[in-house]
Structures are given as C-alpha cells and as structure tokens.
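> My structure is below; once you've seen it, I'll send some questions.
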Amino acid sequence: MITVHHLNESRSQRILWLLEELGVPYDIQFYRRDAHSRQAPAELQQVHPLGKSPVITDDGRAIAESGAIIDYIVRHYGKGRLRPDPESLDYDDYVHWLHYAEGSASLPFVILPIANSFGKMATPLHRRVDHELALNLGYINERLRGRDFLLGGALTAADVQMSFVGELAATFTDISNLPELAAWVARFQARPAYRKAIERGGPYAYAKG
Ligand SMILES: N[C@@H](CCC(=O)N[C@@H](CS)C(=O)NCC(=O)O)C(=O)O
C-alpha cells in the first residue's frame with residue numbers, strides 16, 4: 001500500500017487529494033514543520049535524502065517530487081483516469097502543466113518571502129517577482145477562460161499538480177483581477193475528494209471556505 005509522508009501545510013496535501021479522487025487506499029505518516037523555521041523534521045531525510053515533502057513509499061521504493069509522484073500514481077493506480085489518452089494532443093498539454101507547476105510557476109512564490117525579508121533593499125528583486133507573478137498568473141487565468149479545468153471540462157491530475165500554485169496565488173496575492181483563476185480554485189476546493197483529503201491530512205490554511 002502507498003504511504004504518503006505528509007508534512008503539515010505543504011505540497012503533500014495535493015497527493016492525498018489525488019489518492020482520494022482515485023479511491024486508492026493509502027496510509028499517512030505525519031511530520032510537523034518546525035514552528036520557527038518552517039522546515040521539515042530531520043526524520044524525513046531517512047525516507048528520502050532530500051528530506052522534503054511530498055514523498056511516497058510504495059513496494060519498498062521512495063518517490064520524491066510532486067510531479068513524479070503524481071505521474072507514478074496515475075500510471076500505476078489510475079486505470080486510465082485523470083489523464084488524457086497518451087496518444088492525444090491533449091496529453092502533451094497535460095505534461096506541460098505537470099512540469100510547469102514546479103518548474104516555473106511556483107518559483108516567484110519561493111522568492112517572494114525571501115524578498116520580503118530584505119525589506120527596501122530588495123526593491124529591484126520585488127519588481128522582478130511582481131513581473132513574474134503577473135506573467136504566470138495571467139497565463140493560468142487565460143488558459144482557464146472557457147474551461148472548468150486546465151484540460152477542459154474534466155479534472156485531470158494536471159489540475160491536482162497545479163492546485164498548489166492556485167492556492168499560493170489565492171493566499172499571497174490579490175487575485176480579484178484574475179476571475180478564471182479564482183473560480184478554478186473555488187471549484188476544485190469544493191470537490192468532495194479535496195475535502196476528504198483535508199479531513200485525513202489535518203488543518204490546511206490554503207483551503208478557503
Ligand atoms: N518541488 C518539490 C518541492 C518540495 C518542497 O520544497 N516541499 C516543501 C513543503 S511544500 C518542504 O518540504 N519544505 C520543508 C523544508 O524545506 O524543510 C515538490 O514539488 O515536491
């Protein structure tokens with residue numbers, strides 16, 4: 001059975017959500033962030049050398065990186081669900097969103113708190129971060145125009161992977177001028193499987209409502 005090594009208030013929440021959407025049984029091993037530094041406890045390094053979350057273990061193997069974990073779960077347990085046909089053009093888009101989430105879209109959110117901690121000294125950095133946020137969030141908003149989910153009318157695992165970016169945007173930026181993005185976050189957060197994953201994973205500040 002899959003074990004999700006789950007750090008509170010973290011990207012591993014979306015792995016719990018994916019497993020709930022697929023109805024795949026799983027165990028959770030809980031880890032708590034240090035209250036001051038927000039870092040993961042050292043025990044997580046015994047599961048995977050990077051010591052980050054999410055990590056899953058399955059059949060004696062540890063798999064790290066959200067995108068790789070999502071791809072693994074969909075391939076091994078999805079039975080063709082939550083992804084387009086691999087022979088279709090949509091599949092290329094699906095792979096784009098799976099990689100884009102952590103490859104580019106989340107980067108300005110990693111830099112933002114660092115820039116904030118430098119105060120006025122970081123003004124040039126802030127300008128760049130603001131530019132990247134506007135560029136990336138605008139791109140996601142446009143993609144969602146006329147679509148309920150990133151690939152069209154139905155949720156795919158690409159939405160699950162991108163959900164953390166949407167939640168960071170809704171939490172740390174003003175998305176009132178990005179109505180498609182705001183509606184998408186509200187739409188996926190209302191799903192029963194999403195709510196169930198929070199019941200199992202514990203408090204999650206990025207969940208609204
Ligand atoms: N790109 C990685 C990011 C992993 C990551 O940085 N996870 C954060 C939680 S959201 C973490 O473990 N932070 C605690 C730490 O760095 O000690 C992924 O998507 O899996």
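In the structure tokens, the first chain shown is A, the next is B, and so on; residue numbers restart at 1 for each chain, and ligands run from 1 in the order shown.
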Please give me, as number ranges by chain, the residues lying within 10 Å of ligand 1 when counting only C-alpha atoms and all ligand atoms.
A: 6-15, 31-34, 37-42, 44-45, 50-55, 63-70, 99, 101-103, 106-107, 110, 161, 164
> Hey, which bits of range 168-188 of chain A sit within 12 Å of range 119-139 of chain A, and for each residue what's the closest pair of atoms and how far apart in Å (one decimal), counting only C-alpha atoms, rows by chain and increasing number, as JSON lines?

{"residue": "A:Leu168", "atom": "CA", "partner": "A:Leu137", "partner_atom": "CA", "distance": 10.6}
{"residue": "A:Ala169", "atom": "CA", "partner": "A:Leu137", "partner_atom": "CA", "distance": 7.6}
{"residue": "A:Ala170", "atom": "CA", "partner": "A:Leu137", "partner_atom": "CA", "distance": 10.4}
{"residue": "A:Phe172", "atom": "CA", "partner": "A:Leu133", "partner_atom": "CA", "distance": 10.7}
{"residue": "A:Thr173", "atom": "CA", "partner": "A:Leu133", "partner_atom": "CA", "distance": 8.7}
{"residue": "A:Asp174", "atom": "CA", "partner": "A:Ala134", "partner_atom": "CA", "distance": 10.6}
{"residue": "A:Ile175", "atom": "CA", "partner": "A:Leu137", "partner_atom": "CA", "distance": 8.6}
{"residue": "A:Ser176", "atom": "CA", "partner": "A:Leu137", "partner_atom": "CA", "distance": 11.7}
{"residue": "A:Asn177", "atom": "CA", "partner": "A:Gly138", "partner_atom": "CA", "distance": 9.3}
{"residue": "A:Leu178", "atom": "CA", "partner": "A:Gly138", "partner_atom": "CA", "distance": 7.1}
{"residue": "A:Pro179", "atom": "CA", "partner": "A:Gly138", "partner_atom": "CA", "distance": 10.3}
{"residue": "A:Glu180", "atom": "CA", "partner": "A:Gly138", "partner_atom": "CA", "distance": 9.7}
{"residue": "A:Leu181", "atom": "CA", "partner": "A:Leu137", "partner_atom": "CA", "distance": 7.8}
{"residue": "A:Ala182", "atom": "CA", "partner": "A:Leu137", "partner_atom": "CA", "distance": 10.5}
> With N, CA, C and O atoms retained, write the just-selected residues as a tab-separated table (two decimals), in the first residue's frame.

chain	number	residue	atom	x	y	z
A	168	LEU	N	-1.41	29.14	-3.60
A	168	LEU	CA	-0.43	30.17	-3.21
A	168	LEU	C	-0.88	31.53	-3.73
A	168	LEU	O	-0.82	32.54	-3.02
A	169	ALA	N	-1.37	31.53	-4.97
A	169	ALA	CA	-1.83	32.79	-5.58
A	169	ALA	C	-2.99	33.37	-4.77
A	169	ALA	O	-3.01	34.57	-4.47
A	170	ALA	N	-3.95	32.51	-4.40
A	170	ALA	CA	-5.13	32.98	-3.67
A	170	ALA	C	-4.77	33.44	-2.26
A	170	ALA	O	-5.45	34.28	-1.68
A	172	PHE	N	-1.42	34.51	-1.17
A	172	PHE	CA	-0.37	35.53	-1.03
A	172	PHE	C	-0.46	36.69	-2.01
A	172	PHE	O	0.35	37.60	-1.95
A	173	THR	N	-1.40	36.61	-2.96
A	173	THR	CA	-1.54	37.73	-3.90
A	173	THR	C	-3.02	38.10	-4.00
A	173	THR	O	-3.89	37.35	-3.57
A	174	ASP	N	-3.26	39.24	-4.62
A	174	ASP	CA	-4.64	39.68	-4.86
A	174	ASP	C	-5.06	39.12	-6.22
A	174	ASP	O	-4.52	39.53	-7.25
A	175	ILE	N	-6.00	38.18	-6.20
A	175	ILE	CA	-6.40	37.58	-7.48
A	175	ILE	C	-7.78	38.09	-7.93
A	175	ILE	O	-8.41	37.48	-8.78
A	176	SER	N	-8.19	39.23	-7.37
A	176	SER	CA	-9.53	39.75	-7.73
A	176	SER	C	-9.59	40.13	-9.22
A	176	SER	O	-10.66	40.17	-9.80
A	177	ASN	N	-8.42	40.39	-9.83
A	177	ASN	CA	-8.42	40.70	-11.27
A	177	ASN	C	-8.15	39.45	-12.13
A	177	ASN	O	-7.90	39.57	-13.33
A	178	LEU	N	-8.18	38.30	-11.49
A	178	LEU	CA	-7.95	37.02	-12.20
A	178	LEU	C	-9.14	36.10	-11.92
A	178	LEU	O	-9.01	35.07	-11.23
A	179	PRO	N	-10.33	36.43	-12.45
A	179	PRO	CA	-11.54	35.72	-12.05
A	179	PRO	C	-11.57	34.24	-12.45
A	179	PRO	O	-12.16	33.43	-11.73
A	180	GLU	N	-10.93	33.90	-13.57
A	180	GLU	CA	-10.94	32.49	-14.01
A	180	GLU	C	-10.12	31.64	-13.03
A	180	GLU	O	-10.50	30.53	-12.66
A	181	LEU	N	-8.99	32.19	-12.63
A	181	LEU	CA	-8.12	31.51	-11.67
A	181	LEU	C	-8.84	31.36	-10.31
A	181	LEU	O	-8.85	30.28	-9.71
A	182	ALA	N	-9.48	32.44	-9.88
A	182	ALA	CA	-10.19	32.41	-8.58
A	182	ALA	C	-11.32	31.37	-8.62
A	182	ALA	O	-11.51	30.60	-7.66
> Using DSSP on the backbone coordinates, identify the residues of chain A assigned to helix (DSSP H, G or I); present them as a ChimeraX atom specification.
/A:12-22,44-47,66-77,89-105,107-117,119-143,157-172,179-189,192-201
> Write out as an MDAnalysis selection string the set of residues from range 11-113 of chain A that DSSP, computed on the backbone, places in strand (DSSP E).
chainID A and resid 26:31 55:58 61:64
> Could you dump the residues just selected with C-alpha atoms as a short mmCIF file (atom, residue, chain, number, x, y, z; two decimals), in the first residue's frame?

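Once written, out_6.cif looks like this:
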data_model
loop_
_atom_site.label_atom_id
_atom_site.label_comp_id
_atom_site.auth_asym_id
_atom_site.auth_seq_id
_atom_site.Cartn_x
_atom_site.Cartn_y
_atom_site.Cartn_z
CA TYR A 26 -3.21 4.78 1.41
CA ASP A 27 -1.57 5.31 4.77
CA ILE A 28 -0.28 8.61 6.07
CA GLN A 29 2.92 9.09 8.03
CA PHE A 30 2.68 12.53 9.66
CA TYR A 31 5.59 15.02 10.02
CA VAL A 55 7.49 11.69 -0.60
CA ILE A 56 5.65 8.44 -1.04
CA THR A 57 6.82 4.93 -0.36
CA ASP A 58 5.36 2.02 -2.27
CA ARG A 61 10.65 2.33 -3.07
CA ALA A 62 10.67 6.02 -2.15
CA ILE A 63 9.50 8.51 -4.76
CA ALA A 64 10.03 12.25 -4.33
#
> Can you pull out the residues contacting Met162 in chain A? Cut-off 9 Å, using only C-alpha atoms, and skip same-chain residues under 4 positions away; I want them as a PyMOL selection string.
chain A and resi 97-98+100-102+105+150+157-158+166-167
> Select, from A:Pro108, A:Leu151, A:Asp59, A:Glu21, the residue with the minimum atom-to-atom distance to His96 in chain A, counting only C-alpha atoms.
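Checking each of A:Pro108, A:Leu151, A:Asp59, A:Glu21 against His96 in chain A, counting only C-alpha atoms, the winner is A:Leu151.
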> Considering only C-alpha atoms, return as a CSV table (one decimal) with N, CA, C and O atoms, in the first residue's frame whatever protein or nucleic-acid residues lie within 10 Å of range 80-84 of chain A, sequence-local ones (same chain, fewer than 3 positions apart) excluded.

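Output contents, as saved in around-v1.csv:
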chain,number,residue,atom,x,y,z
A,18,LEU,N,-5.2,13.6,-4.6
A,18,LEU,CA,-5.2,12.7,-5.8
A,18,LEU,C,-5.7,11.3,-5.5
A,18,LEU,O,-6.5,10.7,-6.2
A,21,GLU,N,-9.3,11.2,-5.0
A,21,GLU,CA,-10.0,11.3,-6.3
A,21,GLU,C,-10.1,9.9,-6.9
A,21,GLU,O,-11.1,9.5,-7.5
A,22,LEU,N,-9.0,9.2,-6.8
A,22,LEU,CA,-8.9,7.9,-7.5
A,22,LEU,C,-9.4,6.7,-6.6
A,22,LEU,O,-9.6,5.6,-7.1
A,71,ASP,N,2.6,11.5,-11.5
A,71,ASP,CA,2.8,10.7,-12.7
A,71,ASP,C,2.8,9.2,-12.3
A,71,ASP,O,2.1,8.3,-12.9
A,74,VAL,N,-0.8,8.0,-11.1
A,74,VAL,CA,-1.7,7.9,-12.3
A,74,VAL,C,-1.4,6.7,-13.1
A,74,VAL,O,-2.3,6.0,-13.6
A,75,ARG,N,-0.1,6.5,-13.4
A,75,ARG,CA,0.3,5.4,-14.3
A,75,ARG,C,0.0,4.0,-13.6
A,75,ARG,O,-0.4,3.1,-14.2
A,76,HIS,N,0.4,3.9,-12.3
A,76,HIS,CA,0.3,2.6,-11.6
A,76,HIS,C,-1.1,2.3,-11.1
A,76,HIS,O,-1.5,1.1,-10.9
A,77,TYR,N,-1.8,3.4,-10.7
A,77,TYR,CA,-3.1,3.1,-10.0
A,77,TYR,C,-4.3,3.8,-10.6
A,77,TYR,O,-5.4,3.6,-10.2
A,87,GLU,N,-1.9,9.1,-26.4
A,87,GLU,CA,-1.7,9.3,-27.9
A,87,GLU,C,-2.3,10.6,-28.4
A,87,GLU,O,-2.1,11.0,-29.5
A,88,SER,N,-3.0,11.3,-27.5
A,88,SER,CA,-3.7,12.5,-27.9
A,88,SER,C,-2.8,13.7,-27.8
A,88,SER,O,-1.9,13.8,-27.1
A,89,LEU,N,-3.2,14.8,-28.5
A,89,LEU,CA,-2.5,16.1,-28.4
A,89,LEU,C,-2.7,16.7,-27.0
A,89,LEU,O,-1.8,17.3,-26.5
A,90,ASP,N,-3.9,16.4,-26.4
A,90,ASP,CA,-4.1,16.9,-25.1
A,90,ASP,C,-3.1,16.4,-24.1
A,90,ASP,O,-2.8,17.0,-23.1
A,91,TYR,N,-2.5,15.2,-24.4
A,91,TYR,CA,-1.6,14.6,-23.4
A,91,TYR,C,-0.3,15.5,-23.3
A,91,TYR,O,0.3,15.6,-22.3
A,92,ASP,N,0.1,16.1,-24.5
A,92,ASP,CA,1.2,17.0,-24.5
A,92,ASP,C,1.0,18.2,-23.6
A,92,ASP,O,1.9,18.6,-22.9
A,93,ASP,N,-0.2,18.7,-23.6
A,93,ASP,CA,-0.6,19.8,-22.8
A,93,ASP,C,-0.6,19.4,-21.3
A,93,ASP,O,-0.1,20.1,-20.4
A,94,TYR,N,-1.1,18.2,-21.1
A,94,TYR,CA,-1.1,17.6,-19.7
A,94,TYR,C,0.3,17.6,-19.1
A,94,TYR,O,0.5,18.0,-18.0
A,95,VAL,N,1.2,17.1,-19.9
A,95,VAL,CA,2.6,17.0,-19.4
A,95,VAL,C,3.2,18.4,-19.2
A,95,VAL,O,3.9,18.6,-18.2
A,151,LEU,N,-7.5,21.2,-18.7
A,151,LEU,CA,-7.6,20.4,-19.9
A,151,LEU,C,-8.9,20.5,-20.5
A,151,LEU,O,-9.2,19.8,-21.5
A,154,ALA,N,-13.2,18.4,-17.7
A,154,ALA,CA,-13.0,17.4,-16.6
A,154,ALA,C,-11.7,17.6,-15.9
A,154,ALA,O,-10.6,18.0,-16.5
A,155,LEU,N,-11.7,17.4,-14.6
A,155,LEU,CA,-10.5,17.4,-13.8
A,155,LEU,C,-9.5,16.4,-14.2
A,155,LEU,O,-9.8,15.2,-14.6
A,156,THR,N,-8.2,16.8,-14.3
A,156,THR,CA,-7.1,15.8,-14.5
A,156,THR,C,-6.1,16.0,-13.4
A,156,THR,O,-6.2,16.9,-12.7
A,157,ALA,N,-5.1,15.1,-13.4
A,157,ALA,CA,-4.1,15.2,-12.4
A,157,ALA,C,-3.2,16.4,-12.6
A,157,ALA,O,-2.5,16.9,-11.7
A,158,ALA,N,-3.3,17.0,-13.8
A,158,ALA,CA,-2.6,18.3,-14.0
A,158,ALA,C,-3.2,19.4,-13.1
A,158,ALA,O,-2.5,20.3,-12.6
A,159,ASP,N,-4.5,19.4,-12.9
A,159,ASP,CA,-5.1,20.3,-12.0
A,159,ASP,C,-4.6,20.1,-10.6
A,159,ASP,O,-4.4,21.0,-9.8
A,160,VAL,N,-4.5,18.8,-10.2
A,160,VAL,CA,-4.1,18.5,-8.9
A,160,VAL,C,-2.6,19.0,-8.7
A,160,VAL,O,-2.3,19.7,-7.7
